[in-house]
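Source file: input_35.cif. Holds: mmCIF, C-alpha atoms.
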```cif
data_start
#
loop_
_atom_site.label_atom_id
_atom_site.label_comp_id
_atom_site.auth_asym_id
_atom_site.auth_seq_id
_atom_site.Cartn_x
_atom_site.Cartn_y
_atom_site.Cartn_z
CA MET A 1 26.15 20.62 12.83
CA ASN A 2 28.55 19.31 15.41
CA PRO A 3 30.99 16.58 14.32
CA LEU A 4 29.41 13.81 16.39
CA ARG A 5 25.98 14.38 14.85
CA LYS A 6 27.50 14.59 11.40
CA GLN A 7 29.18 11.25 11.98
CA ARG A 8 25.92 9.64 13.09
CA LEU A 9 24.14 11.10 10.07
CA TYR A 10 26.75 9.64 7.70
CA ALA A 11 26.53 6.27 9.42
CA LEU A 12 22.76 6.28 9.04
CA ILE A 13 22.97 7.28 5.37
CA ALA A 14 25.38 4.38 4.88
CA VAL A 15 22.85 2.04 6.52
CA LEU A 16 20.11 3.29 4.20
CA ILE A 17 22.28 2.93 1.10
CA GLY A 18 23.28 -0.57 2.20
CA SER A 19 19.67 -1.55 2.71
CA LEU A 20 18.62 -0.10 -0.65
CA LEU A 21 21.49 -1.91 -2.33
CA ALA A 22 20.56 -5.22 -0.70
CA THR A 23 16.93 -4.80 -1.73
CA TRP A 24 17.98 -3.92 -5.25
CA LEU A 25 20.17 -7.02 -5.47
CA VAL A 26 17.34 -9.25 -4.24
CA VAL A 27 14.89 -7.62 -6.61
CA SER A 28 17.15 -7.93 -9.65
CA ALA A 29 18.03 -11.53 -8.79
CA LEU A 30 14.34 -12.35 -8.58
CA SER A 31 13.39 -10.14 -11.54
CA GLU A 32 11.82 -12.68 -13.92
CA ASN A 33 10.48 -14.84 -11.13
CA MET A 34 8.58 -11.90 -9.66
CA ASN A 35 6.27 -11.86 -12.67
CA LEU A 36 2.98 -13.46 -11.80
CA PHE A 37 2.42 -14.90 -15.27
CA TYR A 38 3.93 -15.50 -18.71
CA SER A 39 2.65 -13.76 -21.81
CA PRO A 40 1.75 -15.89 -24.86
CA SER A 41 4.96 -14.75 -26.60
CA GLU A 42 7.06 -16.03 -23.71
CA ILE A 43 5.34 -19.42 -23.78
CA LEU A 44 5.51 -19.84 -27.54
CA GLY A 45 8.37 -21.99 -28.67
CA VAL A 46 9.51 -22.85 -25.15
CA ASP A 47 9.46 -26.51 -24.26
CA ILE A 48 7.38 -26.80 -21.12
CA ASP A 49 6.52 -30.17 -19.65
CA GLU A 50 2.84 -31.05 -19.84
CA ASN A 51 2.60 -31.69 -16.12
CA VAL A 52 4.08 -28.39 -14.99
CA ILE A 53 1.52 -25.92 -13.68
CA ILE A 54 2.19 -22.39 -14.89
CA ARG A 55 0.35 -19.09 -15.11
CA ALA A 56 -0.30 -17.32 -18.39
CA GLY A 57 -1.89 -13.97 -18.91
CA GLY A 58 -2.92 -11.36 -21.44
CA MET A 59 -6.01 -9.87 -23.00
CA VAL A 60 -9.03 -11.93 -24.03
CA LYS A 61 -9.28 -11.58 -27.81
CA GLN A 62 -12.43 -9.97 -29.09
CA GLY A 63 -14.99 -12.48 -30.39
CA SER A 64 -12.97 -15.48 -29.26
CA ILE A 65 -15.12 -16.64 -26.33
CA GLU A 66 -16.99 -19.85 -27.14
CA LYS A 67 -19.21 -21.06 -24.33
CA SER A 68 -20.64 -24.55 -24.39
CA LYS A 69 -24.45 -24.71 -24.25
CA ASP A 70 -24.82 -27.72 -21.96
CA SER A 71 -21.78 -27.49 -19.68
CA LEU A 72 -19.52 -24.99 -17.96
CA SER A 73 -16.69 -25.48 -20.42
CA VAL A 74 -15.46 -22.45 -22.27
CA ARG A 75 -12.79 -21.82 -24.87
CA PHE A 76 -11.16 -18.46 -25.52
CA THR A 77 -7.99 -16.90 -26.91
CA VAL A 78 -5.53 -14.85 -24.88
CA THR A 79 -3.39 -12.38 -26.79
CA ASP A 80 -0.54 -10.00 -26.06
CA TYR A 81 -1.12 -8.40 -29.48
CA GLN A 82 1.82 -10.36 -30.90
CA ASN A 83 1.06 -13.98 -30.19
CA GLU A 84 -1.99 -15.90 -29.10
CA LEU A 85 -2.77 -18.81 -26.84
CA ILE A 86 -5.96 -20.90 -26.88
CA ILE A 87 -7.35 -21.60 -23.41
CA ASN A 88 -9.76 -24.39 -22.44
CA TYR A 89 -11.47 -24.07 -19.10
CA GLU A 90 -14.30 -25.71 -17.27
CA GLY A 91 -15.77 -23.89 -14.32
CA ILE A 92 -17.22 -20.60 -13.15
CA LEU A 93 -15.68 -17.46 -14.59
CA PRO A 94 -15.18 -14.30 -12.49
CA ASP A 95 -17.65 -11.46 -13.05
CA LEU A 96 -15.14 -9.21 -14.76
CA PHE A 97 -14.14 -11.84 -17.32
CA ASP A 98 -14.88 -10.28 -20.70
CA GLU A 99 -13.58 -9.66 -24.19
CA ASN A 100 -10.74 -7.12 -24.32
CA ALA A 101 -10.20 -7.47 -20.58
CA GLY A 102 -7.10 -8.75 -18.83
CA VAL A 103 -7.03 -12.31 -17.58
CA VAL A 104 -4.60 -14.58 -15.70
CA VAL A 105 -5.01 -18.35 -16.05
CA ARG A 106 -3.35 -21.15 -14.11
CA GLY A 107 -2.95 -24.57 -15.64
CA ASN A 108 -0.77 -26.61 -17.95
CA LEU A 109 0.30 -26.37 -21.55
CA LYS A 110 -0.81 -29.35 -23.64
CA THR A 111 1.43 -30.85 -26.29
CA ASP A 112 -0.89 -29.54 -29.02
CA GLY A 113 -0.15 -25.96 -27.89
CA THR A 114 -3.46 -25.28 -26.17
CA PHE A 115 -3.66 -24.40 -22.51
CA LYS A 116 -5.80 -26.33 -20.05
CA ALA A 117 -6.77 -23.91 -17.30
CA ILE A 118 -7.73 -24.97 -13.78
CA GLU A 119 -8.26 -21.41 -12.57
CA VAL A 120 -9.21 -18.20 -14.35
CA LEU A 121 -8.65 -14.83 -12.67
CA ALA A 122 -9.80 -11.53 -14.13
CA LYS A 123 -7.52 -8.52 -14.12
CA HIS A 124 -9.12 -5.13 -13.95
CA ASP A 125 -7.49 -1.94 -15.13
CA GLU A 126 -6.81 1.34 -13.35
CA ASN A 127 -9.62 3.22 -15.09
CA TYR A 128 -12.73 4.16 -13.16
CA MET A 129 -15.67 6.01 -14.67
CA PRO A 130 -19.46 6.07 -14.57
CA PRO A 131 -21.29 3.95 -17.21
CA GLU A 132 -22.53 7.06 -19.05
CA VAL A 133 -18.97 8.31 -19.56
CA ALA A 134 -17.84 4.87 -20.75
CA LYS A 135 -20.68 4.87 -23.28
CA LEU A 136 -19.65 8.32 -24.56
CA ILE A 137 -16.06 7.16 -25.05
CA GLU A 138 -17.27 4.08 -26.90
CA VAL A 139 -19.41 6.20 -29.23
CA LYS A 140 -16.47 8.52 -29.93
CA GLU A 141 -14.24 5.61 -30.85
CA MET B 1 17.29 34.89 7.29
CA ILE B 2 19.57 33.11 9.73
CA ARG B 3 17.58 34.70 12.57
CA VAL B 4 14.32 33.30 11.21
CA TRP B 5 15.94 29.89 10.87
CA ASN B 6 17.26 29.98 14.43
CA VAL B 7 13.93 31.08 15.85
CA THR B 8 12.11 28.31 13.96
CA LYS B 9 14.67 25.80 15.11
CA ARG B 10 14.34 26.82 18.75
CA TRP B 11 10.55 26.78 18.46
CA PHE B 12 10.69 23.30 16.93
CA ILE B 13 12.93 21.99 19.68
CA GLU B 14 10.78 23.53 22.40
CA MET B 15 7.60 22.06 20.97
CA GLY B 16 9.23 18.68 21.27
CA SER B 17 10.10 18.94 24.93
CA PRO B 18 7.84 16.44 26.74
CA PRO B 19 6.17 18.83 29.25
CA LEU B 20 5.53 21.47 26.58
CA PHE B 21 4.24 18.90 24.13
CA TYR B 22 1.91 17.53 26.77
CA ARG B 23 0.52 21.00 27.36
CA TRP B 24 -0.04 22.10 23.76
CA SER B 25 -1.26 18.73 22.52
CA SER B 26 -4.14 18.75 25.03
CA LYS B 27 -5.55 21.71 23.13
CA ILE B 28 -5.47 20.16 19.66
CA THR B 29 -6.47 16.55 20.38
CA SER B 30 -10.22 17.07 20.37
CA TRP B 31 -10.00 19.31 17.30
CA LEU B 32 -8.12 16.63 15.39
CA GLY B 33 -10.79 14.11 16.38
CA ILE B 34 -13.65 16.37 15.32
CA LEU B 35 -11.99 17.25 12.00
CA ALA B 36 -11.28 13.58 11.31
CA ILE B 37 -14.92 12.66 11.90
CA ILE B 38 -16.14 15.50 9.65
CA PHE B 39 -13.81 14.64 6.75
CA LEU B 40 -14.39 10.90 7.03
CA SER B 41 -18.16 11.04 7.34
CA VAL B 42 -18.50 13.46 4.39
CA GLY B 43 -15.96 11.54 2.30
CA LEU B 44 -17.40 8.10 3.02
CA PHE B 45 -21.03 9.21 2.65
CA TRP B 46 -20.18 10.88 -0.66
CA GLY B 47 -18.08 7.97 -1.86
CA LEU B 48 -20.31 5.12 -0.77
CA LEU B 49 -23.72 6.59 -1.53
CA ILE B 50 -23.49 9.54 -3.94
CA ALA B 51 -20.54 8.84 -6.27
CA PRO B 52 -21.57 7.10 -9.52
CA THR B 53 -21.17 3.36 -10.03
CA ASP B 54 -18.27 2.11 -12.11
CA TYR B 55 -18.91 1.09 -15.73
CA LYS B 56 -17.17 -2.23 -15.25
CA GLN B 57 -17.12 -3.12 -11.58
CA GLY B 58 -20.49 -1.72 -10.56
CA ASP B 59 -20.79 -0.92 -6.87
CA VAL B 60 -17.99 -3.18 -5.64
CA TYR B 61 -15.34 -0.61 -6.59
CA ARG B 62 -16.55 1.55 -3.67
CA ILE B 63 -14.36 -0.43 -1.31
CA LEU B 64 -11.47 1.66 -2.67
CA TYR B 65 -12.70 4.55 -0.51
CA VAL B 66 -11.32 2.56 2.42
CA HIS B 67 -8.69 0.44 0.65
CA VAL B 68 -6.75 3.23 -1.07
CA PRO B 69 -6.48 5.62 1.94
CA SER B 70 -5.37 2.81 4.27
CA ALA B 71 -2.75 1.61 1.78
CA ILE B 72 -1.46 5.19 1.41
CA LEU B 73 -1.36 5.63 5.18
CA GLY B 74 0.37 2.29 5.77
CA GLN B 75 3.24 3.47 3.60
CA SER B 76 3.41 7.13 4.59
CA ILE B 77 3.34 6.29 8.30
CA PHE B 78 6.39 4.11 7.70
CA MET B 79 8.17 7.03 6.01
CA PHE B 80 7.15 9.24 8.92
CA MET B 81 8.61 6.69 11.33
CA ALA B 82 11.88 6.57 9.39
CA ALA B 83 12.07 10.38 9.65
CA CYS B 84 11.55 10.06 13.42
CA GLY B 85 14.25 7.40 13.45
CA LEU B 86 16.69 9.69 11.67
CA ILE B 87 16.04 12.51 14.16
CA ASN B 88 16.35 10.09 17.05
CA VAL B 89 19.67 8.66 15.94
CA VAL B 90 21.32 11.90 14.83
CA TRP B 91 19.95 14.49 17.25
CA ARG B 92 18.83 12.15 20.06
CA ALA B 93 15.60 14.07 20.55
CA LYS B 94 13.68 12.16 23.19
CA ILE B 95 10.26 12.78 21.72
CA SER B 96 11.20 11.35 18.30
CA GLY B 97 11.71 7.89 19.76
CA MET B 98 8.36 8.05 21.55
CA MET B 99 6.76 9.24 18.32
CA LEU B 100 8.20 6.32 16.36
CA LYS B 101 6.97 3.86 18.95
CA SER B 102 3.49 5.44 19.08
CA ALA B 103 3.09 5.49 15.29
CA ALA B 104 4.04 1.84 14.69
CA PRO B 105 0.80 0.12 15.78
CA ILE B 106 -1.27 2.69 13.84
CA GLY B 107 0.72 2.12 10.66
CA MET B 108 0.49 -1.63 11.10
CA SER B 109 -3.29 -1.42 11.53
CA PHE B 110 -3.68 0.60 8.34
CA THR B 111 -1.51 -1.87 6.41
CA LEU B 112 -3.62 -4.73 7.75
CA ILE B 113 -6.84 -2.91 6.77
CA ALA B 114 -5.41 -2.36 3.28
CA LEU B 115 -4.60 -6.08 2.92
CA VAL B 116 -7.99 -7.23 4.24
CA THR B 117 -10.07 -4.78 2.17
CA GLY B 118 -7.94 -5.63 -0.86
CA SER B 119 -8.69 -9.29 -0.29
CA VAL B 120 -12.41 -8.60 0.03
CA TRP B 121 -12.24 -6.55 -3.17
CA GLY B 122 -10.22 -9.20 -4.98
CA LYS B 123 -12.69 -12.04 -4.45
CA PRO B 124 -15.59 -10.61 -6.52
CA THR B 125 -13.43 -8.85 -9.14
CA TRP B 126 -10.38 -11.05 -9.73
CA GLY B 127 -11.95 -14.26 -8.51
CA THR B 128 -9.53 -14.94 -5.67
CA TRP B 129 -8.86 -13.72 -2.12
CA TRP B 130 -5.11 -13.77 -2.46
CA VAL B 131 -2.44 -14.19 -5.08
CA TRP B 132 1.34 -14.03 -4.63
CA ASP B 133 1.94 -11.16 -7.01
CA ALA B 134 4.57 -8.48 -6.42
CA ARG B 135 2.25 -5.77 -5.03
CA LEU B 136 0.46 -8.01 -2.55
CA THR B 137 3.61 -9.79 -1.42
CA SER B 138 5.60 -6.58 -0.89
CA THR B 139 2.73 -5.11 1.14
CA LEU B 140 2.67 -8.25 3.27
CA ILE B 141 6.41 -7.78 3.86
CA LEU B 142 5.70 -4.22 5.03
CA LEU B 143 3.23 -5.67 7.55
CA PHE B 144 5.93 -8.05 8.80
CA ILE B 145 8.44 -5.19 9.11
CA TYR B 146 5.92 -3.33 11.27
CA ALA B 147 5.53 -6.46 13.40
CA ALA B 148 9.32 -6.79 13.67
CA LEU B 149 9.62 -3.15 14.78
CA ILE B 150 7.02 -3.57 17.49
CA GLY B 151 8.53 -6.88 18.58
CA LEU B 152 12.05 -5.46 18.71
CA TYR B 153 10.88 -2.50 20.74
CA SER B 154 9.14 -4.59 23.35
CA SER B 155 12.03 -7.04 23.68
CA ILE B 156 14.48 -4.38 24.91
CA GLU B 157 14.10 -3.34 28.54
CA ASP B 158 15.95 -0.02 28.35
CA LYS B 159 13.63 2.41 26.53
CA THR B 160 16.43 4.61 25.19
CA LYS B 161 18.21 1.61 23.70
CA ALA B 162 14.92 0.27 22.33
CA ASP B 163 14.33 3.65 20.64
CA ARG B 164 17.73 3.54 19.00
CA ALA B 165 17.28 -0.04 17.78
CA VAL B 166 13.87 0.54 16.17
CA SER B 167 15.14 3.80 14.67
CA ILE B 168 17.84 1.93 12.79
CA LEU B 169 15.41 -0.82 11.79
CA SER B 170 12.98 1.79 10.46
CA ILE B 171 15.76 3.21 8.25
CA VAL B 172 16.64 -0.29 7.02
CA GLY B 173 12.99 -1.11 6.35
CA LEU B 174 12.51 2.06 4.34
CA ALA B 175 13.85 0.24 1.26
CA ILE B 176 10.56 -1.70 0.94
CA ILE B 177 8.56 1.48 0.20
CA PRO B 178 9.89 2.10 -3.37
CA VAL B 179 9.48 -1.63 -4.11
CA ILE B 180 5.79 -1.51 -3.13
CA LYS B 181 5.28 1.69 -5.08
CA LYS B 182 6.94 0.47 -8.30
CA SER B 183 5.96 -3.23 -8.07
CA VAL B 184 3.06 -2.81 -10.49
CA ASP B 185 5.33 -1.18 -13.09
CA TRP B 186 8.36 -3.46 -12.77
CA TRP B 187 6.53 -6.78 -12.94
CA GLN B 188 3.42 -8.33 -14.37
CA THR B 189 0.94 -8.42 -11.51
CA LEU B 190 -2.73 -9.16 -10.99
CA HIS B 191 -3.05 -5.86 -9.15
CA GLN B 192 -3.81 -3.00 -11.53
CA PRO B 193 -1.30 -0.16 -12.09
CA SER B 194 -1.64 3.16 -10.25
CA THR B 195 -4.64 5.30 -11.09
CA PHE B 196 -2.97 8.45 -9.83
CA THR B 197 0.47 9.37 -11.14
CA LEU B 198 2.50 12.56 -11.09
CA THR B 199 3.00 12.58 -14.83
CA SER B 200 -0.51 12.18 -16.23
CA SER B 201 -4.06 13.12 -15.30
CA PRO B 202 -5.85 10.57 -13.10
CA SER B 203 -7.68 7.80 -14.94
CA MET B 204 -10.71 8.24 -12.73
CA SER B 205 -13.70 10.55 -13.11
CA PRO B 206 -13.59 13.69 -10.94
CA GLU B 207 -16.91 12.81 -9.27
CA MET B 208 -15.21 9.61 -8.07
CA TYR B 209 -11.85 10.95 -6.94
CA GLN B 210 -13.16 14.05 -5.13
CA PRO B 211 -14.68 11.97 -2.29
CA LEU B 212 -11.56 9.79 -2.34
CA LEU B 213 -9.45 12.87 -1.66
CA LEU B 214 -11.64 13.70 1.35
CA CYS B 215 -11.26 10.13 2.64
CA VAL B 216 -7.46 10.32 2.30
CA ILE B 217 -7.38 13.60 4.27
CA GLY B 218 -9.76 12.05 6.83
CA PHE B 219 -7.47 9.04 7.25
CA TYR B 220 -4.45 11.33 7.76
CA LEU B 221 -6.42 13.20 10.42
CA ILE B 222 -7.32 9.92 12.15
CA PHE B 223 -3.63 9.09 12.16
CA ALA B 224 -2.76 12.48 13.67
CA PHE B 225 -5.50 12.03 16.27
CA ALA B 226 -4.49 8.48 17.24
CA LEU B 227 -0.80 9.43 17.23
CA THR B 228 -1.40 12.34 19.61
CA LEU B 229 -3.37 10.14 22.00
CA ASN B 230 -0.72 7.39 21.93
CA LEU B 231 2.10 9.86 22.28
CA ARG B 232 0.54 11.61 25.28
CA ASN B 233 0.29 8.28 27.07
CA GLU B 234 3.85 7.42 26.13
CA VAL B 235 5.15 10.78 27.36
CA ILE B 236 3.42 10.38 30.74
CA ASP B 237 4.60 6.80 31.05
CA ARG B 238 8.25 7.58 30.33
CA GLU B 239 8.39 10.76 32.38
CA ARG B 240 6.42 9.43 35.32
CA SER B 241 9.28 10.03 37.76
CA LYS B 242 9.68 13.65 36.67
CA ASN B 243 8.33 16.53 38.70
CA TRP B 244 6.12 18.05 36.01
CA VAL B 245 4.16 14.80 35.71
CA LYS B 246 3.71 14.55 39.45
CA GLN B 247 2.43 18.11 39.54
CA ILE B 248 -0.21 17.38 36.91
CA PHE B 249 -1.52 14.31 38.70
CA VAL B 250 -1.29 15.59 42.26
CA ASN B 251 -3.32 18.71 41.57
#
```

Do you think you could lay out the structure here as structure tokens?
Amino acid sequence: MNPLRKQRLYALIAVLIGSLLATWLVVSALSENMNLFYSPSEILGVDIDENVIIRAGGMVKQGSIEKSKDSLSVRFTVTDYQNELIINYEGILPDLFDENAGVVVRGNLKTDGTFKAIEVLAKHDENYMPPEVAKLIEVKE
Amino acid sequence: MIRVWNVTKRWFIEMGSPPLFYRWSSKITSWLGILAIIFLSVGLFWGLLIAPTDYKQGDVYRILYVHVPSAILGQSIFMFMAACGLINVVWRAKISGMMLKSAAPIGMSFTLIALVTGSVWGKPTWGTWWVWDARLTSTLILLFIYAALIGLYSSIEDKTKADRAVSILSIVGLAIIPVIKKSVDWWQTLHQPSTFTLTSSPSMSPEMYQPLLLCVIGFYLIFAFALTLNLRNEVIDRERSKNWVKQIFVN
């Protein structure tokens, strides 16, 4: 490779490294703030003002969903398998909302430790399979 | 060995000379188009109508047969453009600059399609059109980088200088690609983690990912087809004062 081209190549590599470094600095400075939601363990024991709107997320605990018979209000527990958080919500739930499924809620933490949600979003996982296969796996387990 | 290398190198350089490229590309354009249509129609027909429904999402998951290939293309076209940028800056090959310029609007379109289909998919499954999580936000940034590239190119009168400027910007912008890729692993997001990874078997049934593979190949072929068409126009436009172009259009 002739010297001029080599020089340009090195300059370009320097540009790329600089850009990667800058991105890495931004990303590590943002690190915690880039998370969309807090897990129940992160919320527990932290003093958060009642009026601050935050997002919490985790798995809906099996058997914890209590739906009201005459209104849209629902109460369920979100867990990260270490700590739990009780969520109160009134409104329409997304189709994929279910026990043992991921969920992200937006709302505020009450002083009694329960969470008043104003929005419930369902997370879905990266697994795709036909219903018959899912049934087989369930039987096996 | 060195002989083979030199012959390949010369062949590669010759293929990239504008008049030669114009000649050989005329032969492959229609084939690329036909192949793209075959792969896409088989892949989409198979994916949308024959592949089984999902145990959890039902039929709505089928949008991934468009969403996933366009997201893949949006990112790989950017990497392709950065490679063109490298060649353009270091070796000053004329065609690489034209290639970068021709690929940009295609890559931007695929990124936009990925964002829109993702939004449409998000509403029934997550319950929202948009959320500012790491994966969605970083993909939106990629869209803006594409827009910046196209804007920068059109704001510089001198085409050679414009080529050089977007080449450097494409190298700078390359840093967003690993962030998009790893965003779902580094942070808690609403977007699900990758289904396909290099280290483990895919967490998707074969009867679902086989048509997806066809769709991905089909999307790559569409890109190759659209790129060739764009590039041929670009070559003619930039070389319009050259003799070989005049000969083509006079006869």

Which residues match the PyMOL selection byres ((chain A) within 6 of (chain B)) in the file above, as a PyMOL selection string?
-> chain A and resi 5+8-9+16+19-20+35-36+94+96+121-123+125-131

Just the selected residues (C-alpha atoms), exported as a tab-separated table (two decimals), keeping the file's coordinate frame, please.
```tsv
chain	number	residue	atom	x	y	z
A	5	ARG	CA	25.98	14.38	14.85
A	8	ARG	CA	25.92	9.64	13.09
A	9	LEU	CA	24.14	11.10	10.07
A	16	LEU	CA	20.11	3.29	4.20
A	19	SER	CA	19.67	-1.55	2.71
A	20	LEU	CA	18.62	-0.10	-0.65
A	35	ASN	CA	6.27	-11.86	-12.67
A	36	LEU	CA	2.98	-13.46	-11.80
A	94	PRO	CA	-15.18	-14.30	-12.49
A	96	LEU	CA	-15.14	-9.21	-14.76
A	121	LEU	CA	-8.65	-14.83	-12.67
A	122	ALA	CA	-9.80	-11.53	-14.13
A	123	LYS	CA	-7.52	-8.52	-14.12
A	125	ASP	CA	-7.49	-1.94	-15.13
A	126	GLU	CA	-6.81	1.34	-13.35
A	127	ASN	CA	-9.62	3.22	-15.09
A	128	TYR	CA	-12.73	4.16	-13.16
A	129	MET	CA	-15.67	6.01	-14.67
A	130	PRO	CA	-19.46	6.07	-14.57
A	131	PRO	CA	-21.29	3.95	-17.21
```

Neighbour list for Leu49 (chain B) as a PyMOL selection string, cut-off 12 Å, all atoms listed in the file, skip fewer than 3 positions in-chain = chain B and resi 41-46+52-53+59+62-63+65+208+211

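When the PyMOL selection byres ((chain A and resi 111) around 10) is run on the displayed coordinates, the residues it returns are Asp47, Ile48, Asp49, Glu50, Asn108, Leu109, Lys110, Asp112, Gly113, Thr114 and Phe115 of chain A.
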
Out of A:Asn2, A:Ser41, A:Gln7, A:Asn88, which residue has the shortest atom-to-atom distance to Lys116 (chain A) when counting only C-alpha atoms?
->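 For Lys116 (chain A), the nearest of the candidates is A:Asn88.
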
A:Arg55, A:Lys140, A:Lys135, A:Arg106 ranked by distance to Glu119 (chain A), top pick (using all atoms listed in the file) |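 Smallest separation from Glu119 (chain A) among the options: A:Arg106.
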
Got a sec to check which residues sit within 8 Å of (-2.8, -18.8, -17.5), counting all atoms listed in the file, and write them as a list in words?
-> Phe37, Tyr38, Ile54, Arg55, Ala56, Gly57, Ile87, Val103, Val104, Val105, Arg106, Gly107, Phe115, Ala117, Glu119 and Val120 of chain A

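All residues of protein, DNA or RNA that reach within 9 Å of region 231-247 of chain B, judged by only C-alpha atoms and not counting those fewer than 4 positions away in the chain, are Pro18, Pro19, Phe21, Tyr22, Ser25, Ser26, Ile95, Met98, Met99, Lys101, Ser102, Ala103, Lys159, Ala226, Leu227 and Asn251 of chain B.
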
Your completed region 109-121 of chain A with N, CA and C atoms, as a PDB file, in the frame of the given file:
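Final output, out.pdb:
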```pdb
ATOM      1  N   LEU A 109       0.242 -26.495 -20.101  1.00  0.00           N
ATOM      2  CA  LEU A 109       0.300 -26.370 -21.550  1.00  0.00           C
ATOM      3  C   LEU A 109       0.280 -27.772 -22.156  1.00  0.00           C
ATOM      4  N   LYS A 110      -0.715 -28.034 -23.003  1.00  0.00           N
ATOM      5  CA  LYS A 110      -0.810 -29.350 -23.640  1.00  0.00           C
ATOM      6  C   LYS A 110       0.195 -29.433 -24.792  1.00  0.00           C
ATOM      7  N   THR A 111       0.462 -30.666 -25.205  1.00  0.00           N
ATOM      8  CA  THR A 111       1.430 -30.850 -26.290  1.00  0.00           C
ATOM      9  C   THR A 111       0.945 -30.246 -27.615  1.00  0.00           C
ATOM     10  N   ASP A 112      -0.377 -30.130 -27.775  1.00  0.00           N
ATOM     11  CA  ASP A 112      -0.890 -29.540 -29.020  1.00  0.00           C
ATOM     12  C   ASP A 112      -0.862 -28.007 -29.004  1.00  0.00           C
ATOM     13  N   GLY A 113      -0.300 -27.409 -27.933  1.00  0.00           N
ATOM     14  CA  GLY A 113      -0.150 -25.960 -27.890  1.00  0.00           C
ATOM     15  C   GLY A 113      -1.308 -25.221 -27.246  1.00  0.00           C
ATOM     16  N   THR A 114      -2.370 -25.947 -26.881  1.00  0.00           N
ATOM     17  CA  THR A 114      -3.460 -25.280 -26.170  1.00  0.00           C
ATOM     18  C   THR A 114      -3.191 -25.348 -24.666  1.00  0.00           C
ATOM     19  N   PHE A 115      -3.899 -24.532 -23.945  1.00  0.00           N
ATOM     20  CA  PHE A 115      -3.660 -24.400 -22.510  1.00  0.00           C
ATOM     21  C   PHE A 115      -4.889 -24.887 -21.762  1.00  0.00           C
ATOM     22  N   LYS A 116      -4.681 -25.829 -20.839  1.00  0.00           N
ATOM     23  CA  LYS A 116      -5.800 -26.330 -20.050  1.00  0.00           C
ATOM     24  C   LYS A 116      -5.783 -25.612 -18.708  1.00  0.00           C
ATOM     25  N   ALA A 117      -6.768 -24.722 -18.507  1.00  0.00           N
ATOM     26  CA  ALA A 117      -6.770 -23.910 -17.300  1.00  0.00           C
ATOM     27  C   ALA A 117      -7.528 -24.583 -16.170  1.00  0.00           C
ATOM     28  N   ILE A 118      -6.989 -24.481 -14.939  1.00  0.00           N
ATOM     29  CA  ILE A 118      -7.730 -24.970 -13.780  1.00  0.00           C
ATOM     30  C   ILE A 118      -8.256 -23.796 -12.951  1.00  0.00           C
ATOM     31  N   GLU A 119      -7.776 -22.604 -13.277  1.00  0.00           N
ATOM     32  CA  GLU A 119      -8.260 -21.410 -12.570  1.00  0.00           C
ATOM     33  C   GLU A 119      -8.179 -20.219 -13.515  1.00  0.00           C
ATOM     34  N   VAL A 120      -9.222 -19.409 -13.536  1.00  0.00           N
ATOM     35  CA  VAL A 120      -9.210 -18.200 -14.350  1.00  0.00           C
ATOM     36  C   VAL A 120      -9.442 -16.998 -13.445  1.00  0.00           C
ATOM     37  N   LEU A 121      -8.500 -16.051 -13.445  1.00  0.00           N
ATOM     38  CA  LEU A 121      -8.650 -14.830 -12.670  1.00  0.00           C
ATOM     39  C   LEU A 121      -8.775 -13.645 -13.628  1.00  0.00           C
TER      40      LEU A 121
END
```
